[in-house]
Every structure is written in C-alpha cells, then in structure tokens.
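Undergrad: As input, take query08.csv (CSV, C-alpha atoms):
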```csv
chain,number,residue,atom,x,y,z
A,1,MET,CA,13.6,61.5,54.3
A,2,GLN,CA,12.3,65.0,54.4
A,3,MET,CA,9.2,65.9,56.5
A,4,SER,CA,6.6,68.4,55.2
A,5,SER,CA,6.3,71.6,57.1
A,6,ASN,CA,2.8,70.9,58.4
A,7,PHE,CA,3.1,67.2,59.2
A,8,LYS,CA,4.6,67.5,62.7
A,9,PRO,CA,1.9,70.0,63.9
A,10,GLN,CA,-0.8,67.8,62.5
A,11,LEU,CA,0.7,64.8,64.3
A,12,LEU,CA,0.9,66.6,67.6
A,13,ALA,CA,-2.7,67.9,67.1
A,14,THR,CA,-3.8,64.3,66.6
A,15,PHE,CA,-2.0,63.2,69.8
A,16,LEU,CA,-3.6,65.9,71.8
A,17,ALA,CA,-7.1,65.1,70.4
A,18,VAL,CA,-6.7,61.5,71.5
A,19,PHE,CA,-5.7,62.8,74.9
A,20,CYS,CA,-8.8,64.9,75.2
A,21,ILE,CA,-11.1,62.1,74.0
A,22,VAL,CA,-9.7,59.7,76.6
A,23,PHE,CA,-9.8,62.3,79.3
A,24,ALA,CA,-13.5,62.9,78.6
A,25,GLY,CA,-14.4,59.3,79.0
A,26,GLN,CA,-13.8,58.8,82.8
A,27,ALA,CA,-16.5,56.3,83.3
A,28,GLN,CA,-14.2,53.4,84.1
A,29,ARG,CA,-14.3,52.0,87.6
A,30,ASP,CA,-10.7,50.9,87.8
A,31,THR,CA,-8.4,53.8,88.6
A,32,ASN,CA,-5.4,51.9,87.1
A,33,LYS,CA,-7.0,51.3,83.7
A,34,TRP,CA,-6.4,54.7,82.1
A,35,LYS,CA,-3.5,56.9,83.2
A,36,ALA,CA,-1.8,60.0,81.9
A,37,GLN,CA,1.9,60.8,82.4
A,38,ILE,CA,3.8,64.1,82.3
A,39,ALA,CA,7.6,64.3,82.9
A,40,LEU,CA,10.5,66.7,82.6
A,41,GLY,CA,14.2,65.8,82.5
A,42,ILE,CA,17.5,65.7,80.6
A,43,ASN,CA,18.9,63.9,77.5
A,44,SER,CA,22.3,62.7,76.2
A,45,PRO,CA,22.7,62.2,72.4
A,46,SER,CA,25.2,59.6,71.1
A,47,SER,CA,28.3,61.2,69.6
A,48,SER,CA,28.0,58.9,66.6
A,49,GLY,CA,24.9,60.7,65.5
A,50,PHE,CA,26.7,63.9,64.4
A,51,VAL,CA,29.0,64.6,61.5
A,52,ASP,CA,32.6,65.5,62.0
A,53,GLY,CA,33.1,68.9,63.7
A,54,PHE,CA,29.7,68.8,65.5
A,55,VAL,CA,29.8,67.8,69.2
A,56,ALA,CA,26.8,68.1,71.5
A,57,LYS,CA,26.9,68.5,75.3
A,58,SER,CA,26.8,65.2,77.1
A,59,ILE,CA,23.8,66.4,79.3
A,60,ASN,CA,21.1,68.6,77.8
A,61,PHE,CA,17.9,70.2,79.0
A,62,PRO,CA,15.0,70.0,78.4
A,63,THR,CA,13.3,66.6,77.8
A,64,VAL,CA,9.5,66.7,78.0
A,65,ASN,CA,7.4,63.5,77.8
A,66,LEU,CA,3.6,63.2,77.6
A,67,GLY,CA,1.8,59.9,77.6
A,68,ILE,CA,-1.5,58.0,77.7
A,69,GLN,CA,-1.5,54.5,79.2
A,70,HIS,CA,-4.1,51.8,79.2
A,71,MET,CA,-3.7,48.5,81.2
A,72,PHE,CA,-5.5,45.5,79.7
A,73,LYS,CA,-4.5,43.4,82.7
A,74,PRO,CA,-3.0,44.2,86.1
A,75,GLN,CA,0.5,43.5,84.6
A,76,LEU,CA,0.2,44.2,80.9
A,77,GLY,CA,-0.8,47.3,79.0
A,78,ALA,CA,0.1,49.8,76.3
A,79,LYS,CA,0.8,53.5,76.0
A,80,LEU,CA,1.1,56.2,73.4
A,81,ASP,CA,3.6,58.9,74.2
A,82,PHE,CA,5.2,62.0,72.8
A,83,GLY,CA,8.6,63.3,73.6
A,84,PHE,CA,10.4,66.6,72.9
A,85,ASN,CA,14.1,67.0,73.5
A,86,ARG,CA,16.6,69.7,72.7
A,87,PHE,CA,20.4,69.5,72.7
A,88,SER,CA,23.1,72.0,71.8
A,89,SER,CA,26.8,72.3,70.9
A,90,ASP,CA,29.5,71.6,73.4
A,91,ASP,CA,32.4,74.1,73.9
A,92,SER,CA,34.6,71.6,72.0
A,93,SER,CA,32.4,71.7,68.9
A,94,LEU,CA,33.8,73.5,65.8
A,95,VAL,CA,30.4,74.8,65.0
A,96,GLU,CA,27.6,76.1,67.3
A,97,PHE,CA,24.2,74.5,66.9
A,98,LYS,CA,20.9,73.7,68.6
A,99,THR,CA,18.7,70.8,67.5
A,100,ASN,CA,15.1,69.7,68.4
A,101,TYR,CA,14.5,66.0,68.7
A,102,SER,CA,10.8,65.0,68.8
A,103,ARG,CA,9.3,61.5,68.8
A,104,ILE,CA,6.1,59.6,69.1
A,105,ASN,CA,6.0,56.0,70.2
A,106,ALA,CA,3.5,53.2,70.8
A,107,GLN,CA,4.8,50.9,73.5
A,108,ILE,CA,4.0,47.8,75.5
A,109,VAL,CA,3.9,48.3,79.2
A,110,TYR,CA,4.8,45.6,81.8
A,111,ASP,CA,4.1,46.1,85.5
A,112,PRO,CA,5.4,43.2,87.7
A,113,SER,CA,5.2,45.2,90.9
A,114,GLU,CA,2.6,43.0,92.6
A,115,SER,CA,4.8,39.9,92.2
A,116,LEU,CA,8.0,41.6,93.4
A,117,GLN,CA,7.6,41.0,97.2
A,118,PHE,CA,10.8,42.9,98.1
A,119,LEU,CA,9.4,46.2,96.9
A,120,PRO,CA,8.1,48.6,99.6
A,121,GLN,CA,4.3,49.0,99.6
A,122,ARG,CA,4.0,52.2,97.8
A,123,MET,CA,6.8,51.5,95.2
A,124,GLY,CA,6.5,50.0,91.7
A,125,LEU,CA,8.5,49.1,88.7
A,126,VAL,CA,7.2,49.5,85.1
A,127,ALA,CA,9.1,48.4,82.0
A,128,HIS,CA,8.1,49.8,78.5
A,129,ALA,CA,9.3,49.2,75.0
A,130,GLY,CA,8.0,49.8,71.5
A,131,PRO,CA,8.5,51.4,68.0
A,132,GLY,CA,8.1,55.0,67.0
A,133,TYR,CA,9.0,57.8,64.7
A,134,THR,CA,11.6,60.5,65.3
A,135,PHE,CA,11.6,64.1,63.9
A,136,ILE,CA,14.8,66.1,63.8
A,137,LYS,CA,14.7,69.9,63.4
A,138,PRO,CA,18.0,71.8,63.5
A,139,LEU,CA,17.6,75.5,64.5
A,140,GLY,CA,19.3,78.6,63.1
A,141,ASP,CA,21.6,78.4,60.0
A,142,PHE,CA,21.0,74.6,59.6
A,143,GLY,CA,17.2,74.7,59.7
A,144,ALA,CA,16.8,73.1,56.2
A,145,ASN,CA,18.4,69.9,57.4
A,146,ASN,CA,15.2,68.3,58.7
A,147,ILE,CA,15.1,64.5,58.8
A,148,SER,CA,12.8,61.9,60.2
A,149,PHE,CA,13.3,58.1,60.8
A,150,LEU,CA,12.0,55.1,62.7
A,151,ASN,CA,13.1,54.4,66.2
A,152,LEU,CA,12.8,51.7,68.9
A,153,MET,CA,12.5,52.9,72.5
A,154,GLY,CA,12.9,51.0,75.8
A,155,GLY,CA,12.9,52.1,79.4
A,156,LEU,CA,12.3,51.4,83.1
A,157,GLU,CA,10.2,53.5,85.4
A,158,ILE,CA,10.3,53.6,89.3
A,159,HIS,CA,7.1,54.8,90.9
A,160,TYR,CA,6.2,56.0,94.3
A,161,GLY,CA,2.5,56.2,95.1
A,162,LEU,CA,1.2,59.5,96.7
A,163,THR,CA,-2.5,58.6,96.6
A,164,GLN,CA,-4.8,56.0,95.0
A,165,ARG,CA,-4.9,58.1,91.8
A,166,MET,CA,-1.4,59.7,91.6
A,167,SER,CA,2.3,58.7,91.8
A,168,VAL,CA,5.6,60.4,91.2
A,169,TYR,CA,8.1,58.5,89.0
A,170,THR,CA,11.5,58.6,87.4
A,171,ASP,CA,12.1,57.0,84.0
A,172,VAL,CA,15.4,56.0,82.3
A,173,SER,CA,14.9,55.3,78.6
A,174,TYR,CA,17.1,54.6,75.5
A,175,ILE,CA,15.9,55.4,72.0
A,176,LEU,CA,17.6,53.6,69.1
A,177,GLY,CA,17.5,55.5,65.8
A,178,PHE,CA,17.2,53.8,62.4
A,179,ALA,CA,18.5,56.5,60.1
A,180,GLY,CA,20.8,56.3,57.1
A,181,ASP,CA,24.1,58.1,56.7
A,182,PHE,CA,24.1,61.7,55.7
A,183,ASP,CA,24.7,62.0,51.9
A,184,PRO,CA,26.0,64.6,51.2
A,185,VAL,CA,27.7,65.2,54.5
A,186,THR,CA,26.4,68.8,54.5
A,187,ASP,CA,22.9,67.4,55.1
A,188,GLY,CA,24.2,66.5,58.6
A,189,PHE,CA,25.2,70.0,59.6
A,190,GLY,CA,23.2,70.6,62.8
A,191,SER,CA,21.2,67.4,62.4
A,192,PHE,CA,21.3,64.1,64.1
A,193,ASN,CA,20.9,60.4,63.1
A,194,GLY,CA,21.9,58.6,66.3
A,195,ASN,CA,20.6,57.2,69.6
A,196,LEU,CA,19.3,59.2,72.6
A,197,LEU,CA,19.4,58.5,76.4
A,198,THR,CA,16.8,60.3,78.5
A,199,VAL,CA,16.2,60.6,82.2
A,200,THR,CA,13.0,62.2,83.4
A,201,PHE,CA,11.0,62.9,86.6
A,202,GLY,CA,7.2,63.3,86.6
A,203,LEU,CA,3.7,62.4,87.6
A,204,THR,CA,1.4,59.6,86.7
A,205,PHE,CA,-2.3,60.2,87.4
A,206,SER,CA,-5.5,58.2,86.9
A,207,ILE,CA,-8.0,59.5,84.3
A,208,SER,CA,-10.5,56.7,84.9
A,209,GLY,CA,-12.5,55.4,87.8
A,210,CYS,CA,-14.3,57.1,90.7
A,211,GLN,CA,-14.4,60.9,90.8
A,212,TYR,CA,-14.0,60.9,94.6
A,213,CYS,CA,-11.6,58.2,95.9
A,214,ASP,CA,-10.8,57.6,99.6
```
Render the structure in this file as structure tokens.

TA:
Amino acid sequence: MQMSSNFKPQLLATFLAVFCIVFAGQAQRDTNKWKAQIALGINSPSSSGFVDGFVAKSINFPTVNLGIQHMFKPQLGAKLDFGFNRFSSDDSSLVEFKTNYSRINAQIVYDPSESLQFLPQRMGLVAHAGPGYTFIKPLGDFGANNISFLNLMGGLEIHYGLTQRMSVYTDVSYILGFAGDFDPVTDGFGSFNGNLLTVTFGLTFSISGCQYCD
C-alpha cells in the first residue's frame, strides 16, 4: 500500500497538536494522571523483512520515541506514541541502503509497581501493548519503494524516580509488522516488511498536577 507524500507530515502534525493541547491543560491535581515521554536508543530489524541481497546491521542508531500517557486508574492507562527509527546496510549486504521506519501506536498501559513489594522504593515496572501503523521510507536510489502497514507493539519499561514529577526509564519493545510479500520483488529493494526490536533510554515527566511540588 502506497502512502501519499503529504500524509506522514499531516499525521505527525496532528500528533504534535494533541501534545500541545494536552500540555496546555495542566489543571489536573494528580501528577501521575498525564505524563509525557521522550527516549533515544537503538533498533534491530528482523532479517526476514528484507529481500535477498539486502542485509541490515544487527544494531542501528537512532531510535526516537515520543509519547503522551494518561492513567485512568493507578494501575491502568493508555498512551499515544510516535517512533522514528533508521537502519542501514551491513558490510555483508550486496547493496548499500538506508531506510527510515516510522510508526504511531495507541497502547494500553499497565503499572503493577505498587503491588510488587520486592521493588525498591523509587523503581517501577510498566508494561504496554497496542496496535499501530508503520511507515517505511527507503532513502537514496530506492526512495520510490515506500510502503505502510499495520503493526502490533508490546514492551516493558523499567523506571527510576528522580523527583515526584520525573523519572528516567529504559524500554525494551518488539513491533510485529503485518505486511504482505513484495510483488514484484523489486518493490522490496531498500524497503522492509518485517519486525523490529527497539531498546531506548529516556525521561518520563508529569504534565498535570501542581505547578510547584515538594
């Protein structure tokens, strides 16, 4: 499925607009109710996502994730997040290439930290999973081989609280891609229709609640 040239910028603009609207409404009392996330890390694409002759590095940089999270209950919430990844050809690849992998996902968030008595006081575990949409953009000579497809993402975050409003965290996520085979095979040159593993490190900070917390 081909994506129009202006669809991706419009989608990103919509995501940023939602971020700004949420950020402007900081009247909530509970500092855990609305949070934003930003993270940077690495990615590893599955080898099965490339056509013969195209081999990507097993570890690639960068991966950038941006998210907005809302907790309906202390343990249950949801988030909308955007991810950008880039991977490039390995030395063993017959052809050099670089590919951009972008995604947007709506996910359920589960935070069992309060019931896990073995965790240190400032640490927390958060699981997340949900459907989304992936946009593949090859660079250079293969720029015409854009595709987009549905995905399903799941992951686990480990948090360490710095203050009442901010924590550092690491996230390990796996993204399943639901894309068809390339037909003809030349449509797969520089493109990707497989799964992606990401590991990121970042910050989670409250965008609701008191403006001056102890």

Undergrad: Report, in Å to a single decimal, how far apart CA of Ser191 in chain A and CA of Phe149 in chain A are.

TA: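 CA of Ser191 in chain A lies at a distance of 12.3 Å from CA of Phe149 in chain A.
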
Undergrad: Env of Phe178 in chain A: 8 Å cut, atoms = only C-alpha atoms, seq-sep filter 6 positions within chain, self excluded. Answer as a ChimeraX atom specification.

TA: /A:149-151,193-194

Undergrad: Quick one: of A:Lys98, A:Arg103, A:Asn65, A:Phe182, who's nearest to Gly202 in chain A, counting only C-alpha atoms?

TA: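 The closest residue to Gly202 in chain A is A:Asn65.
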
Undergrad: Please identify all polymer residues within 12 Å of range 107-121 of chain A, counting only C-alpha atoms, omitting same-chain residues fewer than 4 positions from it, and present them as a PyMOL selection string.

TA: chain A and resi 32+67-82+125-133+151-162

Undergrad: Using Å and a single decimal, report how far CA of Ile136 in chain A sits from CA of Asp183 in chain A.

TA: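 Between these atoms lies a distance of 16.0 Å.
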
Undergrad: With distances taken over only C-alpha atoms, which residue among A:Asn145, A:Ser46, A:Leu176, A:Asp171 lies nearest Asn105 in chain A?

TA: A:Leu176

Undergrad: When distances are computed from only C-alpha atoms, which of A:Thr198, A:Thr99, A:Asn60, A:Thr204 shows the smallest separation from Asp141 in chain A?

TA: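 Smallest distance to Asp141 in chain A is found for A:Thr99.
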
Undergrad: My list of candidates is A:Ser173, A:Ser208, A:Ser58, A:Thr134. Which is closest to Asn100 in chain A when distances are computed with only C-alpha atoms?

TA: A:Thr134

Undergrad: Please report the interatomic distance between CA of Gly140 in chain A and CA of Pro62 in chain A in Å with one decimal.

TA: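 Between CA of Gly140 in chain A and CA of Pro62 in chain A the gap works out to 18.1 Å.
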
Undergrad: For Gly83 in chain A, which of A:Gly190, A:Gly41, A:Gly53, A:Gly177 is the closest residue, counting all atoms listed in the file?

TA: A:Gly41

Undergrad: Tell me which protein, DNA and RNA residues are within 7 Å of Asn85 in chain A, counting only C-alpha atoms, leaving out same-chain ones fewer than 6 positions away, and put them as a ChimeraX atom specification.

TA: /A:43,62-64,100-102

Undergrad: Just the selected residues (C-alpha atoms), exported as a PDB file, keeping the file's coordinate frame, please.

TA:
```
ATOM      1  CA  ASN A  43      18.900  63.900  77.500  1.00  0.00           C
ATOM      2  CA  PRO A  62      15.000  70.000  78.400  1.00  0.00           C
ATOM      3  CA  THR A  63      13.300  66.600  77.800  1.00  0.00           C
ATOM      4  CA  VAL A  64       9.500  66.700  78.000  1.00  0.00           C
ATOM      5  CA  ASN A 100      15.100  69.700  68.400  1.00  0.00           C
ATOM      6  CA  TYR A 101      14.500  66.000  68.700  1.00  0.00           C
ATOM      7  CA  SER A 102      10.800  65.000  68.800  1.00  0.00           C
TER       8      SER A 102
END
```
